[in-house]
>>> print(open('input30.csv').read())   # CSV, C-alpha atoms
chain,number,residue,atom,x,y,z
A,297,MET,CA,-1.8,-19.9,-26.1
A,298,THR,CA,-2.7,-19.3,-22.5
A,299,THR,CA,0.8,-18.6,-21.4
A,300,LYS,CA,0.9,-16.1,-24.2
A,301,MET,CA,-2.2,-14.5,-22.7
A,302,MET,CA,-0.5,-14.2,-19.4
A,303,SER,CA,2.5,-12.5,-20.9
A,304,TYR,CA,0.2,-10.1,-22.7
A,305,LEU,CA,-1.7,-9.4,-19.5
A,306,GLN,CA,1.6,-8.8,-17.6
A,307,ALA,CA,2.9,-6.5,-20.4
A,308,LEU,CA,-0.4,-4.5,-20.6
A,309,GLY,CA,-0.8,-4.5,-16.8
A,310,ASN,CA,1.7,-1.6,-16.7
A,311,PHE,CA,0.0,1.7,-17.7
A,312,ASP,CA,3.0,3.1,-19.4
A,313,ARG,CA,3.6,0.1,-21.6
A,314,ALA,CA,-0.1,0.0,-22.5
A,315,ARG,CA,0.0,3.7,-23.3
A,316,ILE,CA,3.0,3.2,-25.6
A,317,LEU,CA,1.3,0.3,-27.3
A,318,ALA,CA,-1.9,2.3,-27.8
A,319,TYR,CA,0.1,5.2,-29.3
A,320,LEU,CA,2.0,2.8,-31.6
A,321,ALA,CA,-1.3,1.3,-32.8
A,322,LYS,CA,-2.1,4.8,-34.2
A,323,HIS,CA,1.4,5.8,-35.3
A,324,GLU,CA,2.9,2.7,-36.9
A,325,GLY,CA,6.6,2.9,-37.8
A,326,GLU,CA,7.6,5.5,-35.3
A,327,THR,CA,11.1,5.4,-33.8
A,328,ALA,CA,11.9,5.4,-30.1
A,329,ASP,CA,13.0,9.0,-30.4
A,330,GLN,CA,9.6,10.1,-31.8
A,331,ILE,CA,7.7,8.1,-29.2
A,332,SER,CA,9.8,9.5,-26.5
A,333,ARG,CA,9.1,13.1,-27.6
A,334,GLN,CA,5.4,12.6,-28.2
A,335,LEU,CA,4.6,10.8,-25.0
A,336,ASN,CA,7.1,12.7,-23.0
A,337,TYR,CA,9.0,9.8,-21.5
A,338,PRO,CA,12.8,9.7,-21.0
A,339,LYS,CA,14.4,7.8,-23.9
A,340,ALA,CA,15.8,5.1,-21.6
A,341,THR,CA,12.3,4.3,-20.3
A,342,ILE,CA,11.0,4.1,-23.9
A,343,TYR,CA,13.7,1.7,-24.9
A,344,LYS,CA,13.1,-0.5,-21.9
A,345,TYR,CA,9.3,-0.7,-22.5
A,346,LEU,CA,9.7,-1.2,-26.2
A,347,ARG,CA,12.1,-4.1,-25.5
A,348,GLU,CA,9.6,-5.6,-23.1
A,349,LEU,CA,6.8,-5.3,-25.6
A,350,GLU,CA,8.9,-6.8,-28.3
A,351,ASN,CA,9.9,-9.7,-26.0
A,352,VAL,CA,6.3,-10.7,-25.6
A,353,LYS,CA,5.7,-10.2,-29.3
A,354,LEU,CA,3.1,-7.3,-28.9
A,355,ILE,CA,5.3,-5.2,-31.2
A,356,ARG,CA,8.0,-5.8,-33.8
A,357,SER,CA,10.8,-3.6,-35.1
A,358,GLU,CA,12.3,-3.0,-38.5
A,359,GLN,CA,15.7,-1.3,-39.2
A,360,LYS,CA,15.3,1.4,-41.8
A,361,ASN,CA,18.0,4.0,-42.7
A,362,ARG,CA,19.9,3.1,-39.5
A,363,LYS,CA,16.8,3.8,-37.5
A,364,LYS,CA,14.6,1.3,-35.7
A,365,GLN,CA,10.9,1.6,-36.4
A,366,TYR,CA,8.3,0.0,-34.3
A,367,PHE,CA,5.0,-1.7,-35.3
A,368,VAL,CA,2.2,-3.2,-33.4
A,369,ILE,CA,1.5,-6.9,-34.0
A,370,PRO,CA,-2.2,-7.3,-34.1
A,371,PHE,CA,-3.6,-9.2,-31.1
A,372,ALA,CA,-6.8,-9.9,-29.3
A,373,ILE,CA,-7.4,-11.1,-25.8
A,374,LYS,CA,-10.6,-12.8,-24.7
A,375,ILE,CA,-10.9,-13.0,-21.0
A,376,SER,CA,-13.4,-14.9,-19.0
A,377,HIS,CA,-13.3,-16.3,-15.5
A,378,GLU,CA,-12.6,-19.7,-17.1
A,379,THR,CA,-9.8,-18.7,-19.5
A,380,LEU,CA,-8.1,-16.6,-16.8
A,381,ASP,CA,-8.0,-19.5,-14.4
A,382,GLU,CA,-6.6,-21.7,-17.1
A,383,ALA,CA,-4.0,-19.1,-18.1
A,384,ILE,CA,-2.8,-18.8,-14.5
A,385,TYR,CA,-2.5,-22.5,-14.2
A,386,GLU,CA,-0.5,-22.8,-17.4
A,387,ALA,CA,1.8,-19.9,-16.5
A,388,GLU,CA,2.8,-21.4,-13.2
A,389,PRO,CA,6.5,-20.6,-12.8
A,390,THR,CA,9.1,-23.2,-13.4
A,391,TYR,CA,11.9,-23.5,-10.8
A,392,LEU,CA,14.3,-22.1,-13.3
A,393,GLN,CA,12.3,-18.9,-13.3
A,394,VAL,CA,12.4,-18.9,-9.5
A,395,VAL,CA,16.2,-19.3,-9.6
A,396,ARG,CA,16.5,-16.4,-12.0
A,397,GLU,CA,14.2,-14.1,-9.9
A,398,ARG,CA,15.7,-15.2,-6.6
A,399,TYR,CA,19.4,-15.0,-7.5
A,400,GLY,CA,19.6,-13.2,-10.9
A,401,GLY,CA,20.4,-14.3,-14.4
A,402,GLU,CA,24.1,-15.0,-13.7
A,403,LYS,CA,23.3,-17.9,-11.3
A,404,LEU,CA,21.0,-19.3,-13.9
A,405,ASP,CA,23.8,-19.1,-16.5
A,406,GLU,CA,26.1,-20.9,-14.1
A,407,ILE,CA,23.5,-23.7,-13.7
A,408,ARG,CA,23.1,-23.9,-17.5
A,409,GLN,CA,26.9,-24.2,-17.8
A,410,LEU,CA,26.9,-26.9,-15.2
A,411,ALA,CA,24.2,-28.7,-17.1
A,412,LYS,CA,26.4,-28.5,-20.3
A,413,ASP,CA,29.4,-29.8,-18.4
A,414,LEU,CA,27.4,-32.6,-16.9
A,415,LYS,CA,26.2,-33.6,-20.4
A,416,SER,CA,29.7,-33.6,-21.8
A,417,GLY,CA,31.2,-35.3,-18.7
A,418,LYS,CA,33.4,-32.3,-17.9
A,419,THR,CA,32.3,-31.6,-14.3
A,420,THR,CA,35.0,-31.4,-11.7
A,421,SER,CA,32.9,-31.5,-8.6
A,422,THR,CA,30.1,-33.4,-7.1
A,423,LEU,CA,26.6,-32.0,-7.4
A,424,ARG,CA,26.5,-30.9,-3.8
A,425,GLN,CA,29.8,-29.1,-4.1
A,426,ALA,CA,28.6,-27.6,-7.4
A,427,ALA,CA,25.5,-26.2,-5.6
A,428,SER,CA,27.7,-24.7,-2.9
A,429,LYS,CA,30.1,-23.2,-5.5
A,430,ILE,CA,27.3,-21.6,-7.5
A,431,GLY,CA,25.6,-20.4,-4.3
A,432,VAL,CA,22.3,-22.2,-4.6
A,433,GLU,CA,20.8,-24.8,-2.4
A,434,TYR,CA,21.4,-28.4,-3.3
A,435,TYR,CA,17.7,-29.2,-3.5
A,436,GLU,CA,17.0,-26.4,-5.8
A,437,LEU,CA,19.9,-27.3,-8.0
A,438,MET,CA,18.5,-30.8,-8.4
A,439,ILE,CA,15.1,-29.4,-9.4
A,440,ALA,CA,16.7,-26.9,-11.9
A,441,LEU,CA,18.9,-29.7,-13.4
A,442,ASP,CA,15.8,-31.9,-13.7
A,443,GLU,CA,14.0,-29.1,-15.5
A,444,LEU,CA,17.0,-28.8,-17.8
A,445,GLY,CA,16.7,-32.5,-18.6
A,446,ILE,CA,19.9,-33.4,-16.9
A,447,LEU,CA,18.8,-35.7,-14.1
B,81,MET,CA,22.6,-61.1,4.2
B,82,SER,CA,20.1,-58.5,3.0
B,83,LYS,CA,20.0,-56.7,-0.4
B,84,ILE,CA,19.9,-53.0,0.4
B,85,LEU,CA,19.2,-50.1,-1.9
B,86,VAL,CA,20.9,-46.8,-1.0
B,87,PRO,CA,19.5,-44.0,-3.1
B,88,ASP,CA,21.0,-40.5,-3.2
B,89,SER,CA,18.6,-37.6,-2.8
B,90,SER,CA,18.9,-36.7,-6.5
B,91,SER,CA,17.5,-40.1,-7.5
B,92,LEU,CA,14.6,-39.8,-5.1
B,93,ILE,CA,13.9,-36.2,-6.2
B,94,PHE,CA,13.9,-37.4,-9.8
B,95,VAL,CA,11.4,-40.2,-9.1
B,96,ASP,CA,9.2,-38.0,-6.9
B,97,ARG,CA,8.9,-35.2,-9.4
B,98,ARG,CA,7.5,-37.7,-11.8
B,99,GLY,CA,5.0,-38.9,-9.3
B,100,LYS,CA,6.6,-42.4,-9.3
B,101,LEU,CA,7.7,-42.8,-5.7
B,102,ASP,CA,5.1,-45.5,-5.3
B,103,LEU,CA,6.3,-47.3,-8.4
B,104,LEU,CA,9.8,-47.3,-6.9
B,105,LYS,CA,8.4,-48.6,-3.6
B,106,ASN,CA,6.5,-51.4,-5.4
B,107,THR,CA,9.4,-52.3,-7.6
B,108,ILE,CA,11.8,-52.8,-4.8
B,109,ASN,CA,9.4,-54.1,-2.2
B,110,LYS,CA,10.2,-57.8,-2.6
B,111,ASP,CA,13.9,-57.6,-3.4
B,112,PHE,CA,15.4,-54.8,-1.4
B,113,GLU,CA,15.4,-52.9,1.8
B,114,VAL,CA,15.9,-49.2,1.3
B,115,CYS,CA,18.2,-47.2,3.6
B,116,ILE,CA,19.4,-43.6,3.5
B,117,PRO,CA,21.8,-41.9,5.9
B,118,PRO,CA,20.5,-39.0,8.2
B,119,ALA,CA,22.0,-36.3,6.0
B,120,ILE,CA,20.1,-37.4,3.0
B,121,ALA,CA,16.9,-37.6,5.0
B,122,ARG,CA,17.5,-34.0,6.1
B,123,GLU,CA,18.0,-32.9,2.5
B,124,LEU,CA,14.7,-34.5,1.4
B,125,ILE,CA,12.5,-33.5,4.3
B,126,GLU,CA,13.9,-30.5,6.1
B,127,ASP,CA,15.8,-28.7,3.4
B,128,SER,CA,12.9,-28.8,1.0
B,129,GLN,CA,10.6,-27.6,3.7
B,130,LYS,CA,12.9,-24.7,4.6
B,131,LEU,CA,13.2,-23.8,0.9
B,132,ALA,CA,9.4,-23.8,0.6
B,133,GLU,CA,9.1,-21.4,3.5
B,134,LYS,CA,11.7,-19.1,2.0
B,135,ILE,CA,10.1,-18.9,-1.5
B,136,HIS,CA,6.5,-19.0,-0.4
B,137,PRO,CA,5.8,-15.3,-0.3
B,138,LEU,CA,6.7,-14.9,-4.0
B,139,TYR,CA,6.0,-18.3,-5.4
B,140,PRO,CA,3.2,-19.9,-3.4
B,141,SER,CA,2.5,-22.6,-6.1
B,142,VAL,CA,6.1,-23.7,-6.3
B,143,ALA,CA,6.4,-23.7,-2.5
B,144,LYS,CA,3.3,-25.8,-2.2
B,145,ASN,CA,4.8,-28.4,-4.5
B,146,LEU,CA,7.9,-28.5,-2.4
B,147,LEU,CA,5.9,-28.9,0.8
B,148,GLU,CA,4.0,-31.7,-0.8
B,149,SER,CA,7.2,-33.4,-1.9
B,150,SER,CA,8.6,-33.0,1.6
B,151,SER,CA,5.5,-34.7,3.1
B,152,ARG,CA,5.7,-37.6,0.7
B,153,PHE,CA,9.4,-38.1,1.7
B,154,LYS,CA,8.4,-37.9,5.4
B,155,LYS,CA,5.7,-40.5,4.9
B,156,ALA,CA,8.2,-42.7,2.9
B,157,VAL,CA,10.7,-42.7,5.8
B,158,GLU,CA,8.0,-43.6,8.2
B,159,VAL,CA,6.9,-46.6,6.0
B,160,TRP,CA,9.5,-48.0,3.6
B,161,ILE,CA,12.7,-45.9,3.6
B,162,GLU,CA,14.8,-46.5,6.7
B,163,ILE,CA,17.0,-43.8,8.0
B,164,ARG,CA,20.1,-45.8,9.0
B,165,PRO,CA,22.4,-44.0,11.5
B,166,ILE,CA,26.1,-44.1,10.7
B,167,ASP,CA,28.3,-45.6,13.4
B,168,TYR,CA,30.5,-42.5,13.4
B,169,ILE,CA,33.1,-43.9,15.8
B,170,ARG,CA,33.6,-47.1,13.8
B,171,TYR,CA,33.3,-45.4,10.4
B,172,SER,CA,35.2,-42.2,11.1
B,173,GLU,CA,38.1,-43.5,9.0
B,174,ALA,CA,35.8,-44.3,6.0
B,175,MET,CA,34.3,-40.8,6.3
B,176,ASP,CA,37.7,-39.2,6.4
B,177,LYS,CA,38.8,-41.2,3.4
B,178,ALA,CA,35.7,-40.1,1.6
B,179,ARG,CA,36.2,-36.5,2.5
B,180,ILE,CA,39.8,-36.6,1.4
B,181,ARG,CA,38.9,-38.1,-2.0
B,182,LEU,CA,35.9,-35.7,-2.4
B,183,ARG,CA,38.1,-32.8,-1.5
B,184,LYS,CA,40.3,-33.3,-4.6
B,185,PHE,CA,37.5,-32.1,-6.8
B,186,ASP,CA,37.4,-28.6,-5.3
B,187,LYS,CA,40.8,-28.3,-3.7
B,188,LYS,CA,39.0,-27.4,-0.5
B,189,TRP,CA,39.5,-28.6,3.1
B,190,GLU,CA,37.9,-31.8,4.0
B,191,HIS,CA,35.6,-30.1,6.5
B,192,SER,CA,33.9,-28.3,3.6
B,193,VAL,CA,33.0,-31.5,1.9
B,194,LYS,CA,29.2,-31.8,1.9
B,195,LYS,CA,27.8,-34.1,4.6
B,196,GLY,CA,25.4,-35.9,2.3
B,197,ASN,CA,28.2,-37.1,0.1
B,198,ALA,CA,30.4,-38.4,3.0
B,199,GLU,CA,27.5,-40.0,4.8
B,200,LEU,CA,26.2,-41.8,1.8
B,201,ILE,CA,29.7,-43.3,1.2
B,202,ALA,CA,30.1,-44.2,4.9
B,203,LEU,CA,26.7,-45.9,5.0
B,204,CYS,CA,27.5,-48.0,1.9
B,205,VAL,CA,30.8,-49.1,3.6
B,206,GLN,CA,29.0,-49.8,6.9
B,207,LEU,CA,26.4,-52.0,5.1
B,208,ILE,CA,29.1,-53.9,3.2
B,209,ASP,CA,30.9,-54.6,6.4
B,210,ASN,CA,27.7,-55.9,7.9
B,211,GLY,CA,27.7,-58.4,5.1
B,212,ASP,CA,24.9,-56.8,3.1
B,213,GLU,CA,24.6,-56.6,-0.7
B,214,VAL,CA,24.5,-52.9,-1.5
B,215,LEU,CA,23.1,-51.2,-4.6
B,216,ALA,CA,23.6,-47.4,-4.6
B,217,LEU,CA,21.4,-45.2,-6.8
B,218,LEU,CA,23.4,-42.2,-7.9
B,219,GLU,CA,23.0,-39.5,-10.5
B,220,ASP,CA,26.3,-37.9,-9.6
B,221,GLU,CA,29.2,-39.3,-11.6
B,222,ASN,CA,31.9,-37.9,-9.5
B,223,LEU,CA,30.3,-39.2,-6.3
B,224,LYS,CA,30.0,-42.6,-8.0
B,225,ARG,CA,33.7,-42.5,-8.9
B,226,VAL,CA,34.7,-41.7,-5.3
B,227,LEU,CA,32.4,-44.4,-3.9
B,228,ASN,CA,34.0,-47.0,-6.3
B,229,GLU,CA,37.5,-45.9,-5.3
B,230,ILE,CA,36.6,-46.5,-1.7
B,231,THR,CA,34.8,-49.8,-2.1
B,232,GLU,CA,34.5,-52.0,-5.1
B,233,ASN,CA,31.8,-54.0,-3.5
B,234,VAL,CA,29.0,-51.6,-4.0
B,235,LYS,CA,27.1,-51.7,-7.3
B,236,THR,CA,26.0,-48.4,-8.6
B,237,LEU,CA,23.2,-47.5,-11.0
B,238,SER,CA,21.4,-44.3,-12.1
B,239,ILE,CA,17.7,-44.2,-11.5
B,240,LYS,CA,17.0,-44.5,-15.2
B,241,GLU,CA,19.0,-47.7,-15.3
B,242,PHE,CA,17.3,-49.0,-12.3
B,243,LEU,CA,13.8,-48.0,-13.3
B,244,PRO,CA,13.8,-47.8,-17.1
B,245,GLY,CA,11.0,-45.7,-18.5
B,246,VAL,CA,10.6,-43.4,-15.5
>>> encode(input="input30.csv", output="C-alpha cells")
Amino acid sequence: MTTKMMSYLQALGNFDRARILAYLAKHEGETADQISRQLNYPKATIYKYLRELENVKLIRSEQKNRKKQYFVIPFAIKISHETLDEAIYEAEPTYLQVVRERYGGEKLDEIRQLAKDLKSGKTTSTLRQAASKIGVEYYELMIALDELGIL
Amino acid sequence: MSKILVPDSSSLIFVDRRGKLDLLKNTINKDFEVCIPPAIARELIEDSQKLAEKIHPLYPSVAKNLLESSSRFKKAVEVWIEIRPIDYIRYSEAMDKARIRLRKFDKKWEHSVKKGNAELIALCVQLIDNGDEVLALLEDENLKRVLNEITENVKTLSIKEFLPGV
C-alpha cells in the first residue's frame, strides 16, 4: 500500500500529469485527442502522461470503436508525517532499479537474460566475464542476480 | 595440514546481504581457516566502496548499504578472513593455465581474463601444494568447472550447500 502511495505521489508531483488527471475526473471517457485539444498539450505529451498515469493505475483505458477512452480509477491518499516516512522507507529502490536508471533498460534485459541462462545452465562465461561483457560492475551484477533470486 | 575455506566474492556477498556473515564465521570457526586472494578482497572492500561513491548522489540509501557492507568485509578481513597473497613467481604457471582455460569461454585473450577468477584458482592450487585441505565456495558454475579441470583436489560447494537455510 505504501509503495502505491509513493507511486501516486510521484505521478501527481508533476503538474501536467495532475492537471490531466483532474481534467479526466470531470470528463470521463475522453480520448487522447480530445484531452490534447482541451488542455492544449501536444498529442505526444498527452500519450506519454496518460501512459504514466495508467502504469501507476491512476487511470484505465477502454477501446471503443477503435478509439481509446480514458477513465480515472478512484483513489484517495492520506498523508501524515508518519505515513510519508513509512512510504519512503518501503519504496527504497532495489538495485535492479538502480541498474535500469544508471545504464538503461537494455542492460537490465541483458542481466535478466543472463539470469535465465544461469537457471537453465546455458551460460558460456564466468560471472566476472559476464559482468564485463554486459558492461556493469561485477559487484553490482552479483547484487542484481541476488535480487533476481539467482545467487 | 589445515582445512581451508576459500570463498568467492559471490558467496560472501550472498551471505552478507542476508545479514549472516557472523553465522558463517561461527559455523566455520572450529573447523576451517578462511582465506581469500587479494583480488577478491579488493572486490569486496574497494569495489563496493567505489560503487557506493558513484551512485551516492542519486541513490543515497543504496549507497549507504554498500558502504556498510564494505565496512563489514573490512572488519572481517581484520578478524577472521585472511587475505593470502599469491606467490606469483611460483604460481605463474597455474595462473596462466587458469587464464587459458577461462579464456575459452569468451574467446578473448588471456590478459582480459578477470583477475578474481585467476587468483582464486591460483590460491587453491597454492594451498593444495602446501598440503592443505581446500574447500572452495563458488556460485559460478563455469569457474567451478575450470577449477576442477586444473586441480581435482579442491572440493567445491555453493554457499547454499555449505550453509543450508541461509
>>> closest_residue(input="input30.csv", among="A:Ile373, A:Leu349, A:Leu335, A:Ala440", to="His323 (chain A)", atoms="only C-alpha atoms")
A:Leu335
>>> residues_near_point(input="input30.csv", point="(29.5, -37.8, -17.9)", cutoff="12 Å", atoms="only C-alpha atoms", output="list in words")
Leu410, Ala411, Lys412, Asp413, Leu414, Lys415, Ser416, Gly417, Lys418, Thr419, Thr420, Ser421, Thr422, Ile446 and Leu447 of chain A; Glu219, Asp220, Glu221, Asn222, Leu223, Lys224, Arg225 and Ser238 of chain B
>>> closest_atom_pairs(input="input30.csv", of="chain A", to="chain B", cutoff="10 Å", atoms="all atoms listed in the file", output="JSON lines")
{"residue": "A:Tyr385", "atom": "CA", "partner": "B:Ser141", "partner_atom": "CA", "distance": 9.5}
{"residue": "A:Glu388", "atom": "CA", "partner": "B:Ser141", "partner_atom": "CA", "distance": 7.2}
{"residue": "A:Pro389", "atom": "CA", "partner": "B:Val142", "partner_atom": "CA", "distance": 7.2}
{"residue": "A:Thr390", "atom": "CA", "partner": "B:Val142", "partner_atom": "CA", "distance": 7.7}
{"residue": "A:Tyr391", "atom": "CA", "partner": "B:Val142", "partner_atom": "CA", "distance": 7.3}
{"residue": "A:Val394", "atom": "CA", "partner": "B:Tyr139", "partner_atom": "CA", "distance": 7.6}
{"residue": "A:Glu397", "atom": "CA", "partner": "B:Leu138", "partner_atom": "CA", "distance": 9.6}
{"residue": "A:Arg398", "atom": "CA", "partner": "B:Ile135", "partner_atom": "CA", "distance": 8.4}
{"residue": "A:Leu414", "atom": "CA", "partner": "B:Glu221", "partner_atom": "CA", "distance": 8.7}
{"residue": "A:Gly417", "atom": "CA", "partner": "B:Glu221", "partner_atom": "CA", "distance": 8.4}
{"residue": "A:Thr419", "atom": "CA", "partner": "B:Asn222", "partner_atom": "CA", "distance": 7.9}
{"residue": "A:Thr420", "atom": "CA", "partner": "B:Phe185", "partner_atom": "CA", "distance": 5.5}
{"residue": "A:Ser421", "atom": "CA", "partner": "B:Phe185", "partner_atom": "CA", "distance": 5.0}
{"residue": "A:Thr422", "atom": "CA", "partner": "B:Asn222", "partner_atom": "CA", "distance": 5.4}
{"residue": "A:Leu423", "atom": "CA", "partner": "B:Asp220", "partner_atom": "CA", "distance": 6.3}
{"residue": "A:Arg424", "atom": "CA", "partner": "B:Lys194", "partner_atom": "CA", "distance": 6.4}
{"residue": "A:Gln425", "atom": "CA", "partner": "B:Lys194", "partner_atom": "CA", "distance": 6.6}
{"residue": "A:Ala426", "atom": "CA", "partner": "B:Asp186", "partner_atom": "CA", "distance": 9.1}
{"residue": "A:Ser428", "atom": "CA", "partner": "B:Lys194", "partner_atom": "CA", "distance": 8.7}
{"residue": "A:Lys429", "atom": "CA", "partner": "B:Asp186", "partner_atom": "CA", "distance": 9.1}
{"residue": "A:Glu433", "atom": "CA", "partner": "B:Leu131", "partner_atom": "CA", "distance": 8.3}
{"residue": "A:Tyr434", "atom": "CA", "partner": "B:Glu123", "partner_atom": "CA", "distance": 8.1}
{"residue": "A:Tyr435", "atom": "CA", "partner": "B:Ser128", "partner_atom": "CA", "distance": 6.6}
{"residue": "A:Glu436", "atom": "CA", "partner": "B:Leu131", "partner_atom": "CA", "distance": 8.1}
{"residue": "A:Leu437", "atom": "CA", "partner": "B:Ser90", "partner_atom": "CA", "distance": 9.6}
{"residue": "A:Met438", "atom": "CA", "partner": "B:Ser90", "partner_atom": "CA", "distance": 6.2}
{"residue": "A:Ile439", "atom": "CA", "partner": "B:Ile93", "partner_atom": "CA", "distance": 7.6}
{"residue": "A:Leu441", "atom": "CA", "partner": "B:Ser90", "partner_atom": "CA", "distance": 9.8}
{"residue": "A:Asp442", "atom": "CA", "partner": "B:Phe94", "partner_atom": "CA", "distance": 7.0}
{"residue": "A:Ile446", "atom": "CA", "partner": "B:Glu219", "partner_atom": "CA", "distance": 9.4}
{"residue": "A:Leu447", "atom": "CA", "partner": "B:Glu219", "partner_atom": "CA", "distance": 6.7}
>>> axis_aligned_box(input="input30.csv", around="region 92-105 of chain B", padding_each_side="5 Å", output="JSON")
{"center_x": 9.8, "center_y": -41.9, "center_z": -7.7, "size_x": 19.6, "size_y": 23.4, "size_z": 18.2}
>>> closest_residue(input="input30.csv", among="B:Asn145, B:Ile169, B:Lys100, B:Pro117", to="Ala198 (chain B)", atoms="all atoms listed in the file")
B:Pro117
>>> residues_around(input="input30.csv", residues="Cys115 (chain B)", least_positions_apart="6", cutoff="10 Å", atoms="all atoms listed in the file", output="VMD selection string")
chain B and resid 84 to 88 121 157 160 to 165 200 203 to 204 207 214 216
>>> write_last_selection(input="input30.csv", atoms="C-alpha atoms", output="short mmCIF file (atom, residue, chain, number, x, y, z; two decimals), keeping the file's coordinate frame")
data_model
loop_
_atom_site.label_atom_id
_atom_site.label_comp_id
_atom_site.auth_asym_id
_atom_site.auth_seq_id
_atom_site.Cartn_x
_atom_site.Cartn_y
_atom_site.Cartn_z
CA ILE B 84 19.90 -53.00 0.40
CA LEU B 85 19.20 -50.10 -1.90
CA VAL B 86 20.90 -46.80 -1.00
CA PRO B 87 19.50 -44.00 -3.10
CA ASP B 88 21.00 -40.50 -3.20
CA ALA B 121 16.90 -37.60 5.00
CA VAL B 157 10.70 -42.70 5.80
CA TRP B 160 9.50 -48.00 3.60
CA ILE B 161 12.70 -45.90 3.60
CA GLU B 162 14.80 -46.50 6.70
CA ILE B 163 17.00 -43.80 8.00
CA ARG B 164 20.10 -45.80 9.00
CA PRO B 165 22.40 -44.00 11.50
CA LEU B 200 26.20 -41.80 1.80
CA LEU B 203 26.70 -45.90 5.00
CA CYS B 204 27.50 -48.00 1.90
CA LEU B 207 26.40 -52.00 5.10
CA VAL B 214 24.50 -52.90 -1.50
CA ALA B 216 23.60 -47.40 -4.60
#
>>> closest_residue(input="input30.csv", among="B:Leu217, B:Val114, B:Val246, B:Leu147", to="Gln129 (chain B)", atoms="all atoms listed in the file")
B:Leu147
>>> closest_residue(input="input30.csv", among="A:Ser332, A:Gln393, A:Asn351, A:Gln365", to="Lys300 (chain A)", atoms="all atoms listed in the file")
A:Asn351
>>> closest_residue(input="input30.csv", among="B:Asn228, B:Ser150, B:Ser82, B:Thr236", to="Asp209 (chain B)", atoms="only C-alpha atoms")
B:Ser82
>>> build_atoms(input="input30.csv", residues="region 82-96 of chain B", atoms="N, CA and C atoms", output="short mmCIF file (atom, residue, chain, number, x, y, z; two decimals), in the coordinates of the input")
data_model
loop_
_atom_site.label_atom_id
_atom_site.label_comp_id
_atom_site.auth_asym_id
_atom_site.auth_seq_id
_atom_site.Cartn_x
_atom_site.Cartn_y
_atom_site.Cartn_z
N SER B 82 21.27 -59.15 3.60
CA SER B 82 20.10 -58.50 3.00
C SER B 82 20.60 -57.74 1.71
N LYS B 83 19.65 -57.55 0.82
CA LYS B 83 20.00 -56.70 -0.40
C LYS B 83 19.44 -55.31 -0.01
N ILE B 84 20.35 -54.36 -0.02
CA ILE B 84 19.90 -53.00 0.40
C ILE B 84 20.18 -51.98 -0.71
N LEU B 85 19.16 -51.17 -0.90
CA LEU B 85 19.20 -50.10 -1.90
C LEU B 85 19.53 -48.80 -1.16
N VAL B 86 20.57 -48.09 -1.59
CA VAL B 86 20.90 -46.80 -1.00
C VAL B 86 20.76 -45.71 -2.03
N PRO B 87 19.62 -45.04 -2.08
CA PRO B 87 19.50 -44.00 -3.10
C PRO B 87 19.97 -42.63 -2.61
N ASP B 88 20.59 -41.90 -3.50
CA ASP B 88 21.00 -40.50 -3.20
C ASP B 88 19.72 -39.64 -3.33
N SER B 89 19.76 -38.45 -2.75
CA SER B 89 18.60 -37.60 -2.80
C SER B 89 18.21 -37.27 -4.29
N SER B 90 19.23 -37.08 -5.14
CA SER B 90 18.90 -36.70 -6.50
C SER B 90 18.06 -37.78 -7.18
N SER B 91 18.32 -39.05 -6.93
CA SER B 91 17.50 -40.10 -7.50
C SER B 91 16.09 -40.08 -7.00
N LEU B 92 15.96 -39.85 -5.70
CA LEU B 92 14.60 -39.80 -5.10
C LEU B 92 13.84 -38.58 -5.56
N ILE B 93 14.54 -37.45 -5.68
CA ILE B 93 13.90 -36.20 -6.20
C ILE B 93 13.38 -36.45 -7.60
N PHE B 94 14.22 -37.08 -8.41
CA PHE B 94 13.90 -37.40 -9.80
C PHE B 94 12.57 -38.20 -9.86
N VAL B 95 12.53 -39.26 -9.07
CA VAL B 95 11.40 -40.20 -9.10
C VAL B 95 10.12 -39.43 -8.56
N ASP B 96 10.31 -38.70 -7.46
CA ASP B 96 9.20 -38.00 -6.90
C ASP B 96 8.57 -36.98 -7.79
#
